[in-house]
>>> print(open('data.tsv').read())   # TSV, C-alpha atoms
chain	number	residue	atom	x	y	z
A	111	MET	CA	-14.72	-8.85	-79.79
A	112	ARG	CA	-11.65	-11.01	-79.24
A	113	ILE	CA	-11.72	-10.22	-75.52
A	114	ARG	CA	-15.36	-11.33	-75.25
A	115	MET	CA	-14.48	-14.61	-76.88
A	116	PHE	CA	-11.55	-14.99	-74.54
A	117	ILE	CA	-13.61	-14.68	-71.29
A	118	PRO	CA	-15.41	-18.06	-71.50
A	119	VAL	CA	-12.13	-19.71	-72.37
A	120	LEU	CA	-10.49	-18.08	-69.34
A	121	LEU	CA	-13.36	-19.13	-67.06
A	122	CYS	CA	-13.10	-22.68	-68.31
A	123	ALA	CA	-9.37	-22.62	-67.73
A	124	LEU	CA	-9.91	-21.43	-64.13
A	125	MET	CA	-12.39	-24.21	-63.38
A	126	PRO	CA	-9.88	-26.94	-62.55
A	127	LEU	CA	-7.79	-24.63	-60.39
A	128	ASN	CA	-8.11	-25.66	-56.74
A	129	GLY	CA	-6.85	-23.90	-53.69
A	130	CYS	CA	-6.16	-25.07	-50.20
A	131	LEU	CA	-5.16	-23.06	-47.15
A	132	LEU	CA	-3.97	-24.46	-43.82
A	133	LEU	CA	-3.00	-21.96	-41.17
A	134	PRO	CA	-2.03	-23.28	-37.73
A	135	ILE	CA	-2.20	-20.71	-34.94
A	136	PRO	CA	-0.69	-21.61	-31.56
A	137	THR	CA	-2.74	-20.81	-28.43
A	138	THR	CA	-2.19	-21.12	-24.71
A	139	GLU	CA	-3.07	-24.49	-23.18
A	140	GLY	CA	-6.05	-23.13	-21.29
A	141	LYS	CA	-8.91	-24.93	-22.95
A	142	VAL	CA	-9.52	-28.52	-21.90
A	143	LEU	CA	-10.94	-30.61	-24.75
A	144	ALA	CA	-11.36	-33.89	-22.87
A	145	GLY	CA	-10.67	-35.41	-19.46
A	146	LYS	CA	-9.76	-33.71	-16.22
A	147	PRO	CA	-6.28	-32.18	-15.89
A	148	VAL	CA	-4.23	-33.20	-12.89
A	149	THR	CA	-3.30	-30.17	-10.80
A	150	GLN	CA	0.09	-29.24	-9.35
A	151	GLU	CA	-1.34	-29.86	-5.90
A	152	GLN	CA	-2.32	-33.38	-6.83
A	153	LEU	CA	1.12	-34.00	-8.30
A	154	ALA	CA	2.76	-32.77	-5.11
A	155	PHE	CA	0.75	-35.36	-3.23
A	156	LEU	CA	2.38	-38.20	-5.16
A	157	ALA	CA	5.30	-39.29	-3.03
A	158	PRO	CA	7.09	-42.49	-4.07
A	159	ASN	CA	7.35	-45.21	-1.40
A	160	ILE	CA	4.86	-43.40	0.80
A	161	ARG	CA	1.58	-43.14	-1.04
A	162	THR	CA	-0.48	-46.23	-1.74
A	163	LYS	CA	-2.81	-47.16	-4.56
A	164	GLU	CA	-5.87	-46.48	-2.44
A	165	GLU	CA	-4.60	-43.05	-1.36
A	166	VAL	CA	-3.90	-42.11	-4.97
A	167	LYS	CA	-7.40	-43.20	-5.99
A	168	GLU	CA	-8.88	-41.18	-3.18
A	169	ARG	CA	-6.96	-38.04	-4.05
A	170	LEU	CA	-6.94	-38.15	-7.86
A	171	GLY	CA	-10.10	-40.14	-8.44
A	172	SER	CA	-10.51	-43.33	-10.39
A	173	PRO	CA	-7.88	-43.67	-13.16
A	174	ASP	CA	-8.90	-43.64	-16.81
A	175	VAL	CA	-6.80	-46.67	-17.62
A	176	ILE	CA	-5.40	-49.53	-15.54
A	177	TRP	CA	-2.73	-51.80	-16.96
A	178	GLU	CA	-2.95	-54.75	-14.65
A	179	GLU	CA	0.31	-56.57	-15.42
A	180	ALA	CA	2.36	-53.38	-14.93
A	181	HIS	CA	0.47	-52.17	-11.79
A	182	LEU	CA	-0.02	-48.94	-13.66
A	183	PHE	CA	-2.62	-46.19	-13.45
A	184	ALA	CA	-3.04	-43.63	-16.22
A	185	TYR	CA	-4.95	-40.35	-16.10
A	186	ASN	CA	-5.66	-38.82	-19.51
A	187	TRP	CA	-6.59	-35.33	-20.52
A	188	VAL	CA	-6.47	-33.32	-23.72
A	189	VAL	CA	-5.89	-29.57	-24.00
A	190	ARG	CA	-5.96	-27.24	-26.96
A	191	ARG	CA	-2.51	-26.11	-28.06
A	192	GLY	CA	-3.65	-24.26	-31.15
A	193	VAL	CA	-6.24	-23.92	-33.84
A	194	LEU	CA	-6.03	-24.83	-37.47
A	195	ILE	CA	-7.81	-22.55	-39.89
A	196	TRP	CA	-8.51	-24.37	-43.11
A	197	ALA	CA	-10.10	-23.40	-46.37
A	198	ILE	CA	-10.46	-25.31	-49.58
A	199	GLY	CA	-11.87	-24.14	-52.86
A	200	GLY	CA	-12.28	-25.46	-56.34
A	201	GLY	CA	-14.56	-24.66	-59.25
A	202	TYR	CA	-17.61	-22.82	-57.97
A	203	SER	CA	-17.54	-24.16	-54.41
A	204	ALA	CA	-15.46	-23.57	-51.33
A	205	ALA	CA	-15.48	-24.59	-47.69
A	206	ALA	CA	-13.66	-23.38	-44.62
A	207	GLY	CA	-13.50	-24.18	-40.94
A	208	LEU	CA	-11.64	-24.13	-37.67
A	209	LYS	CA	-10.19	-27.20	-35.98
A	210	ASN	CA	-8.62	-27.57	-32.56
A	211	ILE	CA	-5.06	-28.86	-32.43
A	212	PRO	CA	-4.96	-31.17	-29.42
A	213	LYS	CA	-2.16	-31.98	-27.02
A	214	ARG	CA	-2.65	-35.25	-25.12
A	215	TYR	CA	-1.31	-35.49	-21.59
A	216	VAL	CA	-1.01	-38.71	-19.64
A	217	LEU	CA	-0.09	-38.96	-15.99
A	218	LEU	CA	1.48	-42.38	-15.52
A	219	ILE	CA	1.75	-43.84	-12.05
A	220	GLN	CA	3.34	-47.19	-11.36
A	221	PHE	CA	3.00	-49.12	-8.10
A	222	ASP	CA	5.04	-51.97	-6.69
A	223	GLU	CA	3.80	-55.42	-5.68
A	224	GLN	CA	2.75	-54.03	-2.29
A	225	ALA	CA	0.63	-51.34	-3.98
A	226	ARG	CA	3.02	-48.56	-2.92
A	227	LEU	CA	3.69	-45.76	-5.38
A	228	ARG	CA	6.93	-46.51	-7.18
A	229	ARG	CA	7.20	-43.91	-9.91
A	230	PHE	CA	5.13	-41.27	-11.66
A	231	GLU	CA	5.53	-38.96	-14.62
A	232	LYS	CA	3.41	-36.54	-16.61
A	233	VAL	CA	4.07	-37.18	-20.29
A	234	VAL	CA	2.77	-35.92	-23.60
A	235	GLN	CA	1.56	-38.54	-26.03
A	236	PRO	CA	3.33	-37.92	-29.35
A	237	GLU	CA	1.00	-37.56	-32.32
A	238	PHE	CA	2.24	-40.63	-34.15
A	239	LYS	CA	2.79	-42.95	-31.21
A	240	SER	CA	0.04	-45.26	-30.08
A	241	TYR	CA	-1.15	-45.24	-26.49
A	242	GLY	CA	0.02	-48.82	-26.05
A	243	ALA	CA	3.50	-48.02	-27.37
A	244	LEU	CA	3.73	-45.06	-24.99
A	245	LEU	CA	2.83	-47.23	-21.98
A	246	LYS	CA	5.24	-50.00	-22.96
A	247	GLU	CA	8.08	-47.58	-23.58
A	248	TRP	CA	7.55	-45.84	-20.25
A	249	VAL	CA	7.37	-49.09	-18.32
A	250	SER	CA	10.44	-50.55	-20.00
A	251	THR	CA	12.52	-47.43	-19.27
A	252	SER	CA	11.25	-47.61	-15.71
A	253	GLU	CA	12.47	-51.20	-15.41
A	254	LYS	CA	15.87	-50.21	-16.80
A	255	ALA	CA	16.70	-46.95	-15.10
A	256	LEU	CA	14.94	-47.01	-11.81
A	257	PRO	CA	15.58	-49.52	-9.11
A	258	GLN	CA	12.57	-49.98	-6.91
A	259	GLY	CA	11.70	-46.98	-4.80
A	260	SER	CA	14.59	-44.86	-5.97
A	261	ASN	CA	12.68	-42.56	-8.29
A	262	PRO	CA	11.36	-39.35	-6.81
A	263	GLY	CA	9.01	-38.91	-9.76
A	264	LYS	CA	9.08	-36.03	-12.15
A	265	GLU	CA	6.60	-33.85	-13.86
B	132	MET	CA	21.43	-69.20	-92.15
B	133	GLN	CA	20.18	-65.89	-90.92
B	134	ARG	CA	17.24	-64.40	-92.73
B	135	GLN	CA	17.60	-60.83	-93.81
B	136	GLN	CA	14.69	-58.54	-92.92
B	137	THR	CA	13.70	-55.95	-95.49
B	138	PRO	CA	12.88	-52.38	-94.31
B	139	SER	CA	9.25	-52.82	-95.31
B	140	GLN	CA	8.97	-56.02	-93.24
B	141	GLY	CA	10.49	-54.24	-90.22
B	142	ALA	CA	8.02	-51.36	-90.51
B	143	ALA	CA	5.12	-53.79	-90.80
B	144	MET	CA	6.24	-55.66	-87.67
B	145	GLN	CA	6.65	-52.40	-85.77
B	146	SER	CA	3.17	-51.32	-86.80
B	147	HIS	CA	1.79	-54.72	-85.74
B	148	ASN	CA	3.43	-54.40	-82.30
B	149	VAL	CA	2.01	-50.90	-81.82
B	150	ASN	CA	-1.48	-52.12	-82.71
B	151	GLU	CA	-1.14	-55.08	-80.37
B	152	GLY	CA	-0.07	-52.75	-77.54
B	153	ARG	CA	-3.04	-50.50	-78.18
B	154	ARG	CA	-5.42	-53.45	-78.17
B	155	ARG	CA	-4.05	-54.60	-74.82
B	156	CYS	CA	-4.37	-51.09	-73.35
B	157	VAL	CA	-7.99	-50.87	-74.50
B	158	ALA	CA	-8.72	-54.32	-73.05
B	159	VAL	CA	-7.21	-53.34	-69.68
B	160	LEU	CA	-9.16	-50.06	-69.68
B	161	ARG	CA	-12.38	-51.94	-70.43
B	162	LEU	CA	-11.72	-54.38	-67.61
B	163	SER	CA	-10.59	-51.80	-65.07
B	164	PRO	CA	-14.08	-50.76	-63.81
B	165	MET	CA	-14.90	-54.41	-63.22
B	166	LEU	CA	-11.55	-54.98	-61.48
B	167	ALA	CA	-12.08	-51.90	-59.32
B	168	LEU	CA	-15.51	-53.18	-58.30
B	169	ILE	CA	-14.16	-56.63	-57.45
B	170	ILE	CA	-11.30	-55.15	-55.40
B	171	GLN	CA	-13.76	-52.91	-53.58
B	172	LEU	CA	-16.08	-55.78	-52.73
B	173	VAL	CA	-13.33	-58.20	-51.75
B	174	GLY	CA	-11.61	-55.55	-49.64
B	175	CYS	CA	-14.77	-54.72	-47.73
B	176	ALA	CA	-15.61	-57.97	-46.10
B	177	SER	CA	-14.04	-61.30	-45.63
B	178	THR	CA	-16.56	-64.08	-45.79
B	179	GLY	CA	-14.50	-67.06	-44.91
B	180	LEU	CA	-12.46	-68.97	-42.44
B	181	PRO	CA	-9.24	-67.74	-40.80
B	182	SER	CA	-6.11	-67.85	-42.96
B	183	ALA	CA	-3.42	-70.51	-42.58
B	184	ARG	CA	-1.24	-67.98	-40.76
B	185	GLU	CA	-4.02	-67.18	-38.30
B	186	ARG	CA	-4.66	-70.87	-37.73
B	187	ARG	CA	-0.98	-71.37	-36.90
B	188	ALA	CA	-1.13	-68.48	-34.40
B	189	MET	CA	-4.28	-70.02	-32.91
B	190	SER	CA	-2.74	-73.46	-32.59
B	191	VAL	CA	0.10	-72.11	-30.44
B	192	GLY	CA	-2.26	-69.99	-28.34
B	193	ASP	CA	-1.16	-66.60	-29.68
B	194	LYS	CA	-4.55	-65.70	-31.08
B	195	ALA	CA	-8.15	-66.74	-30.69
B	196	ILE	CA	-11.31	-66.56	-32.74
B	197	VAL	CA	-13.83	-64.44	-30.89
B	198	LEU	CA	-17.29	-65.27	-32.16
B	199	LEU	CA	-20.36	-63.21	-31.41
B	200	LYS	CA	-23.90	-63.01	-32.63
B	201	VAL	CA	-25.91	-59.85	-33.20
B	202	GLU	CA	-29.70	-59.79	-33.21
B	203	CYS	CA	-31.39	-56.51	-34.05
B	204	THR	CA	-34.88	-55.18	-34.01
B	205	ILE	CA	-36.12	-51.75	-34.99
B	206	GLU	CA	-39.36	-50.00	-34.06
B	207	ASN	CA	-42.29	-52.27	-33.29
B	208	GLN	CA	-39.98	-55.25	-32.89
B	209	GLN	CA	-39.39	-55.60	-36.62
B	210	PRO	CA	-36.40	-57.84	-37.27
B	211	TYR	CA	-33.41	-56.09	-38.85
B	212	GLU	CA	-30.57	-58.06	-40.41
B	213	PRO	CA	-27.28	-56.75	-39.01
B	214	PHE	CA	-24.98	-57.98	-41.77
B	215	SER	CA	-27.12	-57.93	-44.88
B	216	SER	CA	-24.68	-56.37	-47.31
B	217	SER	CA	-21.34	-57.60	-45.93
B	218	MET	CA	-19.81	-54.17	-46.42
B	219	VAL	CA	-17.71	-52.17	-43.94
B	220	ALA	CA	-20.58	-49.81	-43.26
B	221	ASP	CA	-23.12	-52.60	-43.03
B	222	ASN	CA	-26.41	-52.35	-41.17
B	223	ILE	CA	-24.36	-52.38	-37.98
B	224	SER	CA	-20.79	-51.15	-37.54
B	225	PHE	CA	-18.20	-52.05	-34.94
B	226	GLY	CA	-15.37	-50.18	-33.31
B	227	LEU	CA	-12.75	-52.13	-31.42
B	228	GLY	CA	-10.48	-50.75	-28.72
B	229	SER	CA	-7.36	-52.62	-27.65
B	230	PHE	CA	-4.20	-52.12	-25.59
B	231	GLU	CA	-2.69	-50.18	-28.49
B	232	THR	CA	-5.52	-47.65	-28.54
B	233	GLY	CA	-5.77	-47.36	-24.76
B	234	GLY	CA	-9.15	-49.10	-25.00
B	235	GLU	CA	-10.56	-46.37	-27.23
B	236	PRO	CA	-12.59	-48.05	-29.99
B	237	LYS	CA	-11.43	-47.44	-33.55
B	238	GLN	CA	-13.57	-48.33	-36.52
B	239	SER	CA	-13.16	-51.98	-37.55
B	240	GLU	CA	-11.93	-52.19	-41.11
B	241	THR	CA	-13.33	-55.58	-41.97
B	242	LEU	CA	-16.18	-57.74	-40.87
B	243	ARG	CA	-15.53	-61.45	-40.98
B	244	PHE	CA	-17.96	-64.31	-41.24
B	245	LEU	CA	-17.54	-68.07	-41.11
B	246	SER	CA	-19.97	-68.53	-44.01
B	247	PRO	CA	-22.64	-66.60	-45.91
B	248	GLU	CA	-25.32	-68.51	-43.96
B	249	SER	CA	-23.82	-67.61	-40.60
B	250	ARG	CA	-23.57	-63.97	-41.76
B	251	HIS	CA	-27.26	-63.85	-42.54
B	252	THR	CA	-28.08	-65.21	-39.10
B	253	GLY	CA	-25.98	-62.50	-37.43
B	254	TRP	CA	-22.73	-64.29	-36.59
B	255	THR	CA	-19.43	-62.48	-36.99
B	256	TYR	CA	-15.95	-63.01	-35.61
B	257	PHE	CA	-12.63	-61.35	-34.83
B	258	VAL	CA	-9.18	-62.93	-34.65
B	259	LEU	CA	-7.51	-61.42	-31.59
B	260	PRO	CA	-4.50	-62.03	-29.36
B	261	GLN	CA	-5.21	-62.60	-25.66
B	262	GLY	CA	-6.12	-59.42	-23.83
B	263	THR	CA	-8.99	-57.10	-23.05
B	264	TYR	CA	-10.94	-55.35	-25.80
B	265	TYR	CA	-13.74	-52.81	-25.95
B	266	LEU	CA	-16.40	-53.30	-28.59
B	267	ALA	CA	-18.45	-50.28	-29.64
B	268	VAL	CA	-21.57	-50.84	-31.72
B	269	TYR	CA	-23.09	-48.10	-33.82
B	270	PRO	CA	-25.46	-47.63	-36.75
B	271	PRO	CA	-24.35	-47.57	-40.40
B	272	ARG	CA	-22.69	-44.53	-41.87
B	273	ARG	CA	-24.99	-41.90	-43.32
B	274	THR	CA	-22.85	-38.81	-42.88
B	275	ASP	CA	-19.32	-37.56	-43.55
B	276	LEU	CA	-16.46	-39.68	-42.28
B	277	SER	CA	-15.24	-37.42	-39.46
B	278	THR	CA	-18.76	-36.96	-38.00
B	279	TYR	CA	-19.30	-40.68	-38.25
B	280	GLN	CA	-16.01	-41.44	-36.50
B	281	ARG	CA	-16.89	-38.97	-33.73
B	282	SER	CA	-20.15	-40.85	-33.16
B	283	LEU	CA	-17.99	-43.74	-31.96
B	284	GLU	CA	-17.25	-41.76	-28.78
B	285	ASN	CA	-20.87	-42.04	-27.65
B	286	ALA	CA	-21.54	-45.54	-28.91
B	287	PRO	CA	-22.48	-48.19	-26.32
B	288	ARG	CA	-19.51	-50.38	-25.41
B	289	TRP	CA	-18.88	-53.89	-24.20
B	290	ARG	CA	-15.75	-55.33	-22.70
B	291	ILE	CA	-14.47	-58.58	-24.21
B	292	ASP	CA	-11.86	-60.67	-22.41
B	293	VAL	CA	-9.86	-63.10	-24.48
B	294	PRO	CA	-8.45	-65.64	-22.02
B	295	GLU	CA	-4.88	-66.89	-22.17
B	296	ASN	CA	-4.32	-69.88	-24.48
B	297	ALA	CA	-7.90	-69.79	-25.74
B	298	LYS	CA	-8.46	-70.81	-29.35
B	299	LEU	CA	-12.21	-70.44	-29.72
B	300	VAL	CA	-14.09	-67.90	-27.64
B	301	TYR	CA	-17.80	-67.21	-27.70
B	302	ALA	CA	-18.45	-63.66	-26.46
B	303	GLY	CA	-22.25	-63.78	-26.39
B	304	THR	CA	-25.29	-62.78	-28.37
B	305	LEU	CA	-25.90	-59.07	-28.47
B	306	HIS	CA	-29.54	-57.98	-28.70
B	307	LEU	CA	-29.88	-54.47	-30.05
B	308	THR	CA	-32.84	-52.28	-30.75
B	309	GLY	CA	-33.12	-48.78	-32.10
B	310	ASP	CA	-34.70	-46.17	-34.37
B	311	SER	CA	-34.66	-46.40	-38.12
B	312	ASP	CA	-35.36	-44.36	-41.24
B	313	ARG	CA	-37.19	-45.47	-44.35
B	314	LEU	CA	-34.93	-45.98	-47.36
B	315	LEU	CA	-35.83	-44.37	-50.66
B	316	PHE	CA	-36.91	-47.52	-52.49
B	317	GLU	CA	-37.34	-50.31	-50.00
B	318	GLY	CA	-36.58	-51.29	-46.43
B	319	ARG	CA	-35.30	-49.36	-43.44
B	320	ILE	CA	-31.90	-48.38	-42.09
B	321	MET	CA	-30.93	-48.02	-38.44
B	322	ARG	CA	-30.49	-44.43	-37.25
B	323	SER	CA	-29.61	-44.95	-33.59
B	324	ILE	CA	-29.12	-47.75	-31.11
B	325	TRP	CA	-30.84	-47.63	-27.73
B	326	GLY	CA	-27.84	-48.54	-25.63
B	327	ASP	CA	-29.79	-48.85	-22.38
B	328	GLN	CA	-31.97	-51.58	-23.87
B	329	ALA	CA	-29.14	-53.67	-25.27
B	330	THR	CA	-28.63	-57.05	-23.63
B	331	VAL	CA	-26.25	-59.97	-23.92
B	332	THR	CA	-27.44	-63.57	-23.75
B	333	ASN	CA	-25.71	-66.91	-23.90
B	334	ASP	CA	-26.27	-69.05	-27.02
B	335	HIS	CA	-23.33	-71.27	-26.21
B	336	GLU	CA	-24.83	-74.35	-27.83
B	337	LEU	CA	-25.34	-72.58	-31.17
B	338	ALA	CA	-21.76	-71.26	-31.05
B	339	ARG	CA	-20.45	-74.73	-30.24
B	340	ARG	CA	-22.31	-76.19	-33.24
B	341	LEU	CA	-21.02	-73.46	-35.55
B	342	PHE	CA	-17.42	-74.00	-34.47
B	343	ALA	CA	-17.83	-77.79	-34.75
B	344	GLU	CA	-19.03	-77.34	-38.31
B	345	TYR	CA	-16.37	-74.90	-39.53
B	346	LEU	CA	-13.37	-75.33	-37.22
B	347	PRO	CA	-13.64	-78.84	-35.75
B	348	GLU	CA	-9.87	-79.19	-35.27
B	349	MET	CA	-9.66	-76.27	-32.85
B	350	GLY	CA	-11.29	-78.07	-29.94
B	351	GLU	CA	-13.75	-76.82	-27.38
B	352	VAL	CA	-15.19	-73.34	-27.25
B	353	GLN	CA	-14.66	-71.16	-24.18
B	354	VAL	CA	-17.49	-68.89	-23.11
B	355	ALA	CA	-16.42	-65.38	-22.05
B	356	LEU	CA	-19.54	-63.25	-22.28
B	357	MET	CA	-18.94	-59.59	-23.02
B	358	GLN	CA	-19.71	-57.15	-20.22
B	359	ARG	CA	-21.31	-53.74	-20.67
B	360	HIS	CA	-18.81	-50.94	-20.03
B	361	GLU	CA	-20.48	-47.81	-18.71
B	362	GLY	CA	-17.78	-45.50	-17.44
B	363	GLY	CA	-15.12	-46.44	-14.93
B	364	PRO	CA	-11.51	-47.28	-15.68
B	365	ILE	CA	-10.54	-49.07	-18.84
B	366	ILE	CA	-8.74	-52.24	-17.90
B	367	LEU	CA	-5.91	-53.24	-20.20
B	368	ARG	CA	-4.03	-56.51	-20.29
B	369	SER	CA	-0.77	-57.06	-22.11
B	370	PRO	CA	2.47	-58.86	-21.24
B	371	LEU	CA	5.19	-56.63	-19.82
B	372	PRO	CA	7.86	-55.52	-22.31
B	373	ALA	CA	11.44	-56.63	-21.88
B	374	PRO	CA	13.51	-53.96	-20.11
B	375	THR	CA	15.50	-51.81	-22.54
B	376	LYS	CA	19.30	-51.97	-22.27
>>> encode(input="data.tsv", output="structure tokens")
Amino acid sequence: MRIRMFIPVLLCALMPLNGCLLLPIPTTEGKVLAGKPVTQEQLAFLAPNIRTKEEVKERLGSPDVIWEEAHLFAYNWVVRRGVLIWAIGGGYSAAAGLKNIPKRYVLLIQFDEQARLRRFEKVVQPEFKSYGALLKEWVSTSEKALPQGSNPGKE
Amino acid sequence: MQRQQTPSQGAAMQSHNVNEGRRRCVAVLRLSPMLALIIQLVGCASTGLPSARERRAMSVGDKAIVLLKVECTIENQQPYEPFSSSMVADNISFGLGSFETGGEPKQSETLRFLSPESRHTGWTYFVLPQGTYYLAVYPPRRTDLSTYQRSLENAPRWRIDVPENAKLVYAGTLHLTGDSDRLLFEGRIMRSIWGDQATVTNDHELARRLFAEYLPEMGEVQVALMQRHEGGPIILRSPLPAPTK
């Protein structure tokens, strides 16, 4: 009899209990979520002091972003680096799902005043850094460390 | 001469203080729903002129007021007021992309209006530093937040250029049309915008009159009509950073 009385009390006590599960699972970077990845062959084509803006456009296509003051082209693409399995429950309801964990790549190419390729680099946009901050940081380090035409570019 | 307090007087005072504290707590609790509502409404939209700080930035050419007008129609050319409720998710929502976002529009937090009258006639404004911006226009929210934010990706976009040293910029009148759904009690709500039928016209004279009425000290308005952006590179403009040491 006491046990029977105890069950509704127990159920009521369980009601406010909520649960949340987040399980990140890393994957290979095979799946492209957005944009068009730049290939190794295209990167090999980028030779500082030799290639021009027009040649780069012809080979890699139109850039996604152009920063006019910095003579900079940017090519963006996003790949999947993992999946996040999530589940949340509370009371009588629950929900679950799967979410891609993205990794944002940006190929940055800077030209000089004569539209010759000066420097390029494939970078990953950090999760908590804005796109603008990434561009400004890259350009300012370029101004500091690399005299014109001296950078062979890196991937 | 110091008055001596008897124990009974002390207890009475303590009891009085406790009661006073309780009364205040109850009063605050009673007021809190009203305060929450006021905060919600005030935080949603800013119907008013730019702040003193913004005006200072405008006077030295750091920022500009970008004014635009929105005119909407829904099926059968019925007029549809774009900013009827002055809320974030009003009858029309905006996303704005800037240098910081790589041109990718992010949902605008606040809608700003020079006056309630100008709001009802479809005028809204942004205060922006010089540069290039991408304005996405999409219908009001009727789904969960993440689905709604994803709908920004496919929203029609316009490029807005804020010229150097401009104080007042008129970016054009945007004519939108789309589908709508009937609301439960009265009226209709926009479901989708037909991007291919959207046009921009020049109501420069109306913009000039509005600025002359509300911001006469800021001088002449510059016209920089927004351009439709349909693919192609995103152009960004921002001064170069100083080289790091």
>>> atom_distance(input="data.tsv", atom1="atom CA of B:Phe316", atom2="atom CA of B:Val201")
25.4 Å
>>> interface_residues(input="data.tsv", of="chain B", to="chain A", cutoff="8 Å", atoms="only C-alpha atoms", output="PyMOL selection string")
chain B and resi 230-233+363-376
>>> closest_residue(input="data.tsv", among="A:Val216, A:Ala204, A:Val193, A:Leu153", to="A:Leu133", atoms="all atoms listed in the file")
A:Val193
>>> residues_around(input="data.tsv", residues="stretch 143-145 of chain A", least_positions_apart="5", cutoff="9 Å", atoms="only C-alpha atoms", output="short mmCIF file (atom, residue, chain, number, x, y, z; two decimals) with C-alpha atoms, in the coordinates of the input")
data_model
loop_
_atom_site.label_atom_id
_atom_site.label_comp_id
_atom_site.auth_asym_id
_atom_site.auth_seq_id
_atom_site.Cartn_x
_atom_site.Cartn_y
_atom_site.Cartn_z
CA ASP A 174 -8.90 -43.64 -16.81
CA TYR A 185 -4.95 -40.35 -16.10
CA ASN A 186 -5.66 -38.82 -19.51
CA TRP A 187 -6.59 -35.33 -20.52
CA VAL A 188 -6.47 -33.32 -23.72
CA VAL A 189 -5.89 -29.57 -24.00
CA ARG A 190 -5.96 -27.24 -26.96
CA ASN A 210 -8.62 -27.57 -32.56
CA PRO A 212 -4.96 -31.17 -29.42
#
>>> residues_around(input="data.tsv", residues="B:Leu337", least_positions_apart="3", cutoff="12 Å", atoms="all atoms listed in the file", output="list in words")
Leu198, Leu199, Lys200, Ser249, Thr252, Gly253, Trp254, Tyr301, Gly303, Thr304, Thr332, Asn333, Asp334, Arg340, Leu341, Phe342, Ala343, Glu344, Val352 and Val354 of chain B
>>> atom_distance(input="data.tsv", atom1="atom CA of B:Glu202", atom2="atom CA of B:Ser229")
24.1 Å
>>> atom_distance(input="data.tsv", atom1="atom CA of B:Ser224", atom2="atom CA of B:Trp325")
14.5 Å
>>> residues_around(input="data.tsv", residues="A:Ala225", least_positions_apart="4", cutoff="12 Å", atoms="all atoms listed in the file", output="PyMOL selection string")
chain A and resi 158-167+178+180-183+219-221+229+259
>>> closest_residue(input="data.tsv", among="A:Glu139, A:Pro118, A:Gly129, A:Leu218", to="A:Gly201", atoms="all atoms listed in the file")
A:Gly129
>>> closest_residue(input="data.tsv", among="B:Pro213, B:Gly179, B:Gly262, B:Pro247", to="B:Gly234", atoms="all atoms listed in the file")
B:Gly262
>>> decode(input="data.tsv", residues="stretch 152-165 of chain B", atoms="C-alpha atoms", output="compact mmCIF listing (two decimals), in the first residue's frame")
# COMPACT_ATOMS: atom_id res chain seq x y z
CA GLY B 152 10.96 44.88 3.42
CA ARG B 153 8.22 42.41 2.60
CA ARG B 154 5.97 45.17 1.28
CA ARG B 155 8.76 46.40 -0.98
CA CYS B 156 9.43 42.87 -2.27
CA VAL B 157 5.75 42.38 -3.06
CA ALA B 158 5.62 45.76 -4.83
CA VAL B 159 8.67 44.87 -6.96
CA LEU B 160 7.19 41.46 -7.79
CA ARG B 161 3.91 43.09 -8.82
CA LEU B 162 5.73 45.55 -11.03
CA SER B 163 8.14 43.05 -12.57
CA PRO B 164 5.82 41.74 -15.35
CA MET B 165 5.17 45.32 -16.42
